[in-house]
$ cat start-v8.csv   # CSV, C-alpha atoms and all ligand atoms
chain,number,residue,atom,x,y,z
A,8,MET,CA,0.0,0.0,0.0
A,9,THR,CA,1.4,3.4,-1.0
A,10,GLU,CA,1.0,6.5,1.2
A,11,ALA,CA,-0.5,9.6,-0.1
A,12,PRO,CA,2.0,12.4,-0.9
A,13,ASP,CA,2.1,15.5,1.3
A,14,LEU,CA,1.7,17.9,-1.7
A,15,ALA,CA,0.2,17.4,-5.2
A,16,ALA,CA,1.7,20.6,-6.6
A,17,PRO,CA,5.4,21.4,-6.8
A,18,LEU,CA,7.2,23.6,-4.4
A,19,THR,CA,8.8,26.6,-6.0
A,20,GLY,CA,12.0,28.5,-4.9
A,21,TRP,CA,14.6,30.9,-6.1
A,22,ARG,CA,18.1,29.8,-7.1
A,23,LEU,CA,21.1,30.7,-9.4
A,24,TRP,CA,22.7,28.8,-12.3
A,25,LEU,CA,25.7,29.5,-14.4
A,26,LEU,CA,25.0,30.1,-18.0
A,27,ASP,CA,27.3,27.6,-19.8
A,28,SER,CA,27.1,26.2,-23.3
A,29,ASP,CA,27.6,22.8,-25.1
A,30,ASP,CA,27.2,21.6,-28.7
A,31,GLU,CA,23.4,22.2,-28.6
A,32,GLY,CA,23.5,25.7,-27.2
A,33,PRO,CA,23.2,27.4,-23.8
A,34,VAL,CA,22.9,25.2,-20.8
A,35,LEU,CA,22.2,25.8,-17.1
A,36,THR,CA,24.8,24.4,-14.7
A,37,SER,CA,25.2,24.5,-10.9
A,38,PRO,CA,27.4,27.3,-9.5
A,39,VAL,CA,28.7,24.9,-6.8
A,40,VAL,CA,29.3,21.5,-8.4
A,41,ALA,CA,30.1,20.5,-11.9
A,42,SER,CA,26.6,19.3,-12.9
A,43,ARG,CA,24.2,20.5,-15.5
A,44,TRP,CA,20.5,20.9,-15.4
A,45,PRO,CA,19.3,19.1,-18.6
A,46,ALA,CA,16.7,20.6,-20.9
A,47,ARG,CA,13.1,19.2,-21.1
A,48,VAL,CA,14.0,16.6,-18.4
A,49,ALA,CA,13.8,16.9,-14.7
A,50,THR,CA,17.1,17.3,-12.9
A,51,THR,CA,17.5,14.6,-10.3
A,52,ALA,CA,19.8,15.2,-7.3
A,53,SER,CA,22.8,13.0,-6.8
A,54,CYS,CA,25.1,12.8,-3.8
A,55,ARG,CA,28.9,12.6,-3.8
A,56,ALA,CA,28.7,11.1,-0.3
A,57,GLY,CA,26.7,8.2,-1.7
A,58,CYS,CA,23.2,8.9,-0.2
A,59,GLU,CA,20.8,6.4,-1.7
A,60,ARG,CA,18.0,8.8,-2.3
A,61,PRO,CA,19.0,12.5,-2.0
A,62,PRO,CA,18.3,14.7,-0.3
A,63,ALA,CA,19.2,12.9,3.0
A,64,TRP,CA,18.3,14.6,6.3
A,65,GLY,CA,21.8,14.2,7.6
A,66,CYS,CA,23.6,15.3,4.5
A,67,GLY,CA,23.8,18.5,2.4
A,68,CYS,CA,22.8,16.9,-0.9
A,69,GLY,CA,19.8,17.9,-3.1
A,70,LEU,CA,18.8,20.7,-5.4
A,71,TYR,CA,18.8,23.9,-3.4
A,72,ALA,CA,16.3,26.8,-3.7
A,73,THR,CA,15.4,29.6,-1.3
A,74,THR,CA,12.0,30.9,-0.2
A,75,HIS,CA,12.8,34.5,-0.6
A,76,LEU,CA,14.7,36.1,-3.5
A,77,ASP,CA,16.4,38.6,-1.2
A,78,CYS,CA,18.5,35.7,0.2
A,79,LEU,CA,20.2,35.4,-3.2
A,80,LEU,CA,20.6,39.2,-3.7
A,81,ALA,CA,22.8,39.7,-0.7
A,82,THR,CA,25.9,39.9,-2.9
A,83,GLY,CA,24.2,40.8,-6.2
A,84,VAL,CA,23.8,38.8,-9.4
A,85,THR,CA,26.0,39.6,-12.4
A,86,ALA,CA,26.2,38.6,-16.1
A,87,GLY,CA,27.0,34.9,-16.7
A,88,VAL,CA,24.7,33.9,-13.9
A,89,VAL,CA,21.0,33.2,-14.3
A,90,LEU,CA,18.5,33.7,-11.6
A,91,GLY,CA,15.3,31.7,-11.7
A,92,CYS,CA,12.2,30.3,-10.0
A,93,THR,CA,12.4,26.6,-10.0
A,94,ALA,CA,9.9,23.8,-9.4
A,95,LEU,CA,11.0,21.3,-6.7
A,96,TRP,CA,9.4,17.9,-6.1
A,97,GLY,CA,10.0,14.3,-5.1
A,98,ARG,CA,11.6,13.9,-1.7
A,99,VAL,CA,12.1,17.4,-0.3
A,100,VAL,CA,13.8,18.6,2.9
A,101,GLU,CA,12.0,21.7,4.0
A,102,ALA,CA,14.0,24.3,5.9
A,103,THR,CA,13.2,27.7,7.4
A,104,GLU,CA,14.5,29.6,4.4
A,105,GLY,CA,14.3,27.2,1.5
A,106,TRP,CA,14.5,23.6,0.4
A,107,ARG,CA,16.7,20.7,-0.7
A,108,ALA,CA,14.9,18.6,-3.3
A,109,GLU,CA,15.2,15.4,-5.2
A,110,ARG,CA,13.9,16.8,-8.5
A,111,GLY,CA,13.8,20.2,-10.1
A,112,TYR,CA,13.0,22.1,-13.3
A,113,PRO,CA,13.1,25.9,-13.9
A,114,LEU,CA,9.8,27.7,-14.5
A,115,VAL,CA,11.0,31.2,-15.4
A,116,LEU,CA,14.6,32.6,-15.8
A,117,PHE,CA,16.1,36.1,-15.4
A,118,ALA,CA,19.5,36.7,-17.0
A,119,PRO,CA,21.4,39.7,-15.9
A,120,THR,CA,23.2,41.5,-18.8
A,121,VAL,CA,25.8,44.2,-18.3
A,122,ASP,CA,27.4,46.8,-20.5
A,123,HIS,CA,30.6,45.5,-22.2
A,124,ARG,CA,32.4,48.7,-21.2
A,125,ASN,CA,32.1,47.7,-17.6
A,126,ARG,CA,33.8,44.3,-18.1
A,127,SER,CA,37.0,45.4,-16.5
A,128,ASP,CA,35.2,46.6,-13.4
A,129,VAL,CA,36.9,45.1,-10.4
A,130,ALA,CA,33.6,44.8,-8.6
A,131,GLN,CA,32.3,42.6,-11.3
A,132,ASP,CA,35.1,40.2,-11.0
A,133,VAL,CA,34.8,40.1,-7.2
A,134,LEU,CA,31.1,39.4,-7.5
A,135,TRP,CA,31.7,36.7,-10.1
A,136,ARG,CA,34.2,34.9,-7.8
A,137,THR,CA,31.8,35.2,-4.9
A,138,LEU,CA,28.9,33.6,-6.8
A,139,VAL,CA,30.8,30.9,-8.5
A,140,ARG,CA,32.4,28.6,-6.0
A,141,ARG,CA,33.0,25.7,-8.4
A,142,PRO,CA,36.6,24.8,-8.9
A,143,GLY,CA,38.0,25.2,-12.4
A,144,VAL,CA,35.4,27.7,-13.6
A,145,ALA,CA,36.5,30.1,-16.3
A,146,PRO,CA,36.6,33.9,-15.7
A,147,GLN,CA,33.4,35.8,-16.1
A,148,PRO,CA,32.1,35.3,-19.6
A,149,ASP,CA,30.7,38.0,-21.9
A,150,PRO,CA,27.2,39.0,-21.0
A,151,PRO,CA,24.6,36.9,-22.9
A,152,ASP,CA,23.1,38.5,-26.0
A,153,ASP,CA,19.5,38.3,-27.1
A,154,ALA,CA,20.2,35.3,-29.4
A,155,THR,CA,21.7,33.3,-26.5
A,156,LEU,CA,18.7,34.1,-24.3
A,157,ARG,CA,16.3,33.1,-27.0
A,158,ALA,CA,18.1,29.9,-27.5
A,159,LEU,CA,18.0,29.2,-23.8
A,160,ALA,CA,14.3,29.8,-23.7
A,161,ARG,CA,13.7,27.6,-26.7
A,162,ARG,CA,15.9,24.8,-25.3
A,163,TYR,CA,14.4,24.7,-21.9
A,164,ALA,CA,10.9,25.7,-23.0
A,165,VAL,CA,10.6,28.3,-20.3
A,166,PRO,CA,10.4,32.1,-20.4
A,167,VAL,CA,13.7,33.9,-20.2
A,168,HIS,CA,14.0,37.7,-19.4
A,169,ALA,CA,17.1,39.9,-19.7
A,170,VAL,CA,17.4,42.1,-16.6
A,171,PRO,CA,19.9,44.6,-15.4
A,172,THR,CA,22.7,43.4,-13.1
A,173,LEU,CA,20.9,42.8,-9.8
A,174,ARG,CA,22.2,44.6,-6.8
A,175,ARG,CA,21.6,44.2,-3.1
A,176,ALA,CA,19.5,47.4,-3.2
A,177,HIS,CA,17.0,45.4,-5.3
A,178,ALA,CA,16.3,42.9,-2.6
A,179,GLY,CA,13.8,44.8,-0.5
A,180,PRO,CA,11.6,46.3,-3.2
A,181,ILE,CA,11.3,43.1,-5.2
A,182,ASP,CA,11.0,40.5,-2.5
A,183,ARG,CA,7.2,40.8,-2.1
A,184,LEU,CA,6.7,40.6,-5.9
A,185,ALA,CA,9.1,37.7,-6.1
A,186,THR,CA,7.0,35.8,-3.6
A,187,VAL,CA,3.8,36.6,-5.5
A,188,LEU,CA,5.5,35.2,-8.7
A,189,ARG,CA,6.8,32.1,-6.9
A,190,ASP,CA,3.4,31.3,-5.5
A,191,GLU,CA,1.7,31.9,-8.9
A,192,ALA,CA,4.4,29.7,-10.6
A,193,ALA,CA,3.4,26.8,-8.4
A,194,GLN,CA,-0.4,27.3,-7.9
A,195,GLY,CA,-1.1,28.0,-11.6
A,196,LEU,CA,1.2,25.4,-13.0
A,197,ALA,CA,-1.5,22.8,-13.7
A,198,ALA,CA,-3.8,25.4,-15.3
A,199,ARG,CA,-1.1,26.9,-17.5
A,200,ARG,CA,0.0,23.5,-18.7
A,201,LEU,CA,-3.7,22.7,-19.6
A,202,GLY,CA,-3.9,25.9,-21.6
A,203,ASP,CA,-5.8,28.1,-19.2
A,204,GLY,CA,-5.3,31.7,-20.6
A,205,HIS,CA,-6.2,33.3,-17.3
A,206,ALA,CA,-3.6,31.4,-15.4
A,207,ARG,CA,-1.0,32.3,-18.0
A,208,LEU,CA,-1.9,36.0,-17.7
A,209,ARG,CA,-1.6,35.9,-13.9
A,210,PHE,CA,1.8,34.4,-14.3
A,211,ASP,CA,2.9,36.9,-17.0
A,212,ARG,CA,1.5,39.8,-14.9
A,213,ALA,CA,3.6,38.7,-11.9
A,214,VAL,CA,6.7,38.5,-14.1
A,215,GLU,CA,6.0,42.0,-15.6
A,216,ASP,CA,5.5,43.5,-12.1
A,217,LEU,CA,8.9,42.2,-11.0
A,218,LEU,CA,10.6,43.5,-14.2
A,219,ASP,CA,9.0,46.9,-13.8
A,220,VAL,CA,10.5,47.3,-10.4
A,221,LEU,CA,13.9,46.2,-11.6
A,222,ASP,CA,13.8,48.8,-14.3
A,223,ARG,CA,12.8,51.5,-11.9
A,224,GLN,CA,15.6,50.6,-9.6
A,225,ARG,CA,18.2,51.0,-12.4
A,226,PRO,CA,20.4,54.0,-12.2
A,227,PRO,CA,19.7,56.5,-15.0
A,228,GLU,CA,23.2,56.7,-16.3
A,229,GLY,CA,26.7,55.3,-15.8
A,230,PRO,CA,27.8,52.0,-14.7
A,231,PRO,CA,25.6,50.3,-12.1
A,232,PRO,CA,27.0,50.0,-8.6
A,233,ILE,CA,27.4,46.2,-8.5
A,234,LEU,CA,27.7,45.8,-4.8
A,235,ALA,CA,25.6,48.7,-3.7
B,23,MET,CA,23.3,28.7,-0.6
B,24,ARG,CA,21.9,29.1,2.9
B,25,ILE,CA,18.4,27.7,3.5
B,26,GLY,CA,18.2,27.8,7.3
B,27,GLU,CA,17.3,25.2,9.8
B,28,GLN,CA,15.8,21.9,8.6
B,29,VAL,CA,12.1,21.5,9.5
B,30,ARG,CA,10.7,18.3,7.9
B,31,VAL,CA,10.8,15.9,4.9
B,32,LEU,CA,8.0,16.2,2.4
B,33,ASP,CA,6.9,13.9,-0.3
B,34,VAL,CA,5.8,16.1,-3.2
B,35,GLU,CA,4.2,14.4,-6.2
B,36,PRO,CA,2.8,17.0,-8.6
B,37,ILE,CA,-0.3,16.0,-10.5
B,38,VAL,CA,1.0,17.8,-13.5
B,39,ASP,CA,4.7,17.4,-14.5
B,40,PRO,CA,6.6,20.7,-14.0
B,41,VAL,CA,8.8,19.8,-17.0
B,42,PRO,CA,7.4,21.4,-20.2
B,43,ASP,CA,6.1,18.8,-22.7
B,44,GLY,CA,6.0,16.2,-20.0
B,45,ASP,CA,2.2,15.8,-20.4
B,46,PHE,CA,2.0,16.5,-24.1
B,47,PRO,CA,5.2,15.1,-25.7
B,48,GLU,CA,3.7,15.5,-29.2
B,49,ARG,CA,3.2,19.2,-28.7
B,50,PRO,CA,6.1,21.5,-29.6
B,51,ALA,CA,7.3,23.7,-26.8
B,52,GLU,CA,5.5,27.1,-26.5
B,53,VAL,CA,8.0,29.8,-26.0
B,54,ARG,CA,6.8,33.4,-25.4
B,55,PRO,CA,8.6,35.9,-27.6
B,56,LEU,CA,11.5,37.4,-25.6
B,57,VAL,CA,10.9,41.0,-24.7
B,58,PRO,CA,14.2,42.8,-25.1
B,59,ARG,CA,15.2,44.3,-21.8
B,60,PRO,CA,17.3,47.5,-21.5
B,61,THR,CA,21.0,47.4,-21.0
B,62,PRO,CA,22.3,49.5,-18.1
B,63,ARG,CA,23.4,52.3,-20.4
B,64,SER,CA,20.4,52.4,-22.7
B,65,LYS,CA,17.9,55.2,-22.4
B,66,ARG,CA,14.5,54.5,-20.9
B,67,ALA,CA,12.7,56.0,-23.9
B,68,GLU,CA,14.2,53.4,-26.2
B,69,THR,CA,13.0,50.4,-24.1
B,70,PRO,CA,10.2,48.5,-25.9
B,71,ARG,CA,7.4,47.7,-23.5
B,72,PRO,CA,5.2,44.7,-23.6
B,73,PRO,CA,1.4,45.3,-24.2
B,74,ARG,CA,0.8,45.8,-20.5
B,75,ARG,CA,-2.5,47.6,-20.8
B,76,ARG,CA,-4.0,44.7,-22.7
B,77,LEU,CA,-3.0,42.4,-19.8
B,78,ARG,CA,-4.7,44.7,-17.3
B,79,ALA,CA,-7.8,45.0,-19.3
B,80,LEU,CA,-8.7,41.4,-19.2
B,81,PRO,CA,-11.3,40.0,-16.8
B,82,ALA,CA,-10.2,38.8,-13.4
B,83,ASP,CA,-9.7,35.2,-12.6
B,84,ALA,CA,-12.4,32.9,-13.8
A,301,ZN,ZN,23.9,13.0,0.5
$ encode --input "start-v8.csv" --output "structure tokens" --more "lines below"
Ligand SMILES: [Zn+2]
Amino acid sequence: MTEAPDLAAPLTGWRLWLLDSDDEGPVLTSPVVASRWPARVATTASCRAGCERPPAWGCGCGLYATTHLDCLLATGVTAGVVLGCTALWGRVVEATEGWRAERGYPLVLFAPTVDHRNRSDVAQDVLWRTLVRRPGVAPQPDPPDDATLRALARRYAVPVHAVPTLRRAHAGPIDRLATVLRDEAAQGLAARRLGDGHARLRFDRAVEDLLDVLDRQRPPEGPPPILA
Amino acid sequence: MRIGEQVRVLDVEPIVDPVPDGDFPERPAEVRPLVPRPTPRSKRAETPRPPRRRLRALPADA
């Protein structure tokens, strides 16, 4: 006899990926370990310590995501990194500020782009090294162009939005809107997949509200203060 | 990534697969057209905007 699941809709949380590429185009990889999130297939957690079914309670394995977006913006998010809301399901360890999950797939992605003339900015490099803790990762890549972001959206079949470089100052203003989007991403998932136009509009509206605030927070001229 | 103190273990089994095409493998992926976003140095007036008013004008949730 099988037991009923605790939840029949996925959990959703915020996380970061690195924007990498392979023979088939742009690919999302973990910033912490050398593993990629495949397109059109759920990512399944694995454990280097050998846990039979990650995430284990007494281990650190699993696919991570946070409840609140501001947790991820403490340092800022720069070009080459992709921020997104991901679905989480399967076996999930719930924590006070996020989750570790067995399976995941992104639902919407936000890719920071930055002006090429700022590429030598020391702050950018510091931020890049802070975000990317994986050994052997190359220096910060060029910011993704529109063609790359379109290819990413097509490959993963999820919406991808270019955004300004995200700063710590963004955290407060967008956290509430980010939570609305996260909730809608989960609660409206079934309806969106079944073609419900209203559910899709609610989701799109939540994304637009978030993007509006990011635009308003952008400095009018000059290089953005990356670590402000 | 810090996620705080562990609380409990959940078994989450979505009725609908969160992976696009998981339920309709014969249907090609639907990708919304990418709205170009401004770069940090671009001027606000040059930023194309999505049809926001149309979104707002539609009826509330059914
Ligand atoms: Zn483990």
$ residues_around --input "start-v8.csv" --residues "region 37-51 of chain A" --least-positions-apart "3" --cutoff "6 Å" --atoms "only C-alpha atoms" --output "compact mmCIF listing (two decimals) with C-alpha atoms, in the frame of the given file"
# COMPACT_ATOMS: atom_id res chain seq x y z
CA TRP A 24 22.70 28.80 -12.30
CA LEU A 25 25.70 29.50 -14.40
CA GLU A 109 15.20 15.40 -5.20
CA ARG A 110 13.90 16.80 -8.50
CA GLY A 111 13.80 20.20 -10.10
CA TYR A 112 13.00 22.10 -13.30
CA VAL A 139 30.80 30.90 -8.50
CA ARG A 140 32.40 28.60 -6.00
CA ARG A 141 33.00 25.70 -8.40
CA TYR A 163 14.40 24.70 -21.90
CA VAL B 41 8.80 19.80 -17.00
$ residues_near_ligand --input "start-v8.csv" --ligand "ligand ZN 301 (chain A)" --cutoff "8 Å" --atoms "only C-alpha atoms and all ligand atoms" --output "list of chain:residue names"
A:Ser53, A:Cys54, A:Arg55, A:Ala56, A:Gly57, A:Cys58, A:Glu59, A:Arg60, A:Pro61, A:Pro62, A:Ala63, A:Gly65, A:Cys66, A:Gly67, A:Cys68, A:Gly69
$ residues_around --input "start-v8.csv" --residues "Val31 (chain B)" --least-positions-apart "4" --cutoff "7 Å" --atoms "all atoms listed in the file" --output "ChimeraX atom specification"
/A:98-101
$ interface_residues --input "start-v8.csv" --of "chain A" --to "chain B" --cutoff "7 Å" --atoms "only C-alpha atoms" --output "PyMOL selection string"
chain A and resi 12-17+47-49+73+94+96-106+112+120-122+157+160-161+164-171+197+205+208+228-231
$ residues_near_point --input "start-v8.csv" --point "(23.2, 44.2, -1.4)" --cutoff "8 Å" --atoms "only C-alpha atoms" --output "PyMOL selection string"
chain A and resi 80-83+174-178+234-235
$ write_last_selection --input "start-v8.csv" --atoms "C-alpha atoms" --output "JSON list (two decimals), in the frame of the given file"
[["chain", "number", "residue", "atom", "x", "y", "z"],
["A", 80, "LEU", "CA", 20.60, 39.20, -3.70],
["A", 81, "ALA", "CA", 22.80, 39.70, -0.70],
["A", 82, "THR", "CA", 25.90, 39.90, -2.90],
["A", 83, "GLY", "CA", 24.20, 40.80, -6.20],
["A", 174, "ARG", "CA", 22.20, 44.60, -6.80],
["A", 175, "ARG", "CA", 21.60, 44.20, -3.10],
["A", 176, "ALA", "CA", 19.50, 47.40, -3.20],
["A", 177, "HIS", "CA", 17.00, 45.40, -5.30],
["A", 178, "ALA", "CA", 16.30, 42.90, -2.60],
["A", 234, "LEU", "CA", 27.70, 45.80, -4.80],
["A", 235, "ALA", "CA", 25.60, 48.70, -3.70]]
$ atom_distance --input "start-v8.csv" --atom1 "CA of Gly32 (chain A)" --atom2 "CA of Arg189 (chain A)"
27.1 Å
$ closest_residue --input "start-v8.csv" --among "A:Leu26, A:Leu95, A:Leu76, A:Ala206" --to "Ala145 (chain A)" --atoms "all atoms listed in the file"
A:Leu26
$ atom_distance --input "start-v8.csv" --atom1 "CA of Leu188 (chain A)" --atom2 "CA of Thr155 (chain A)"
24.1 Å
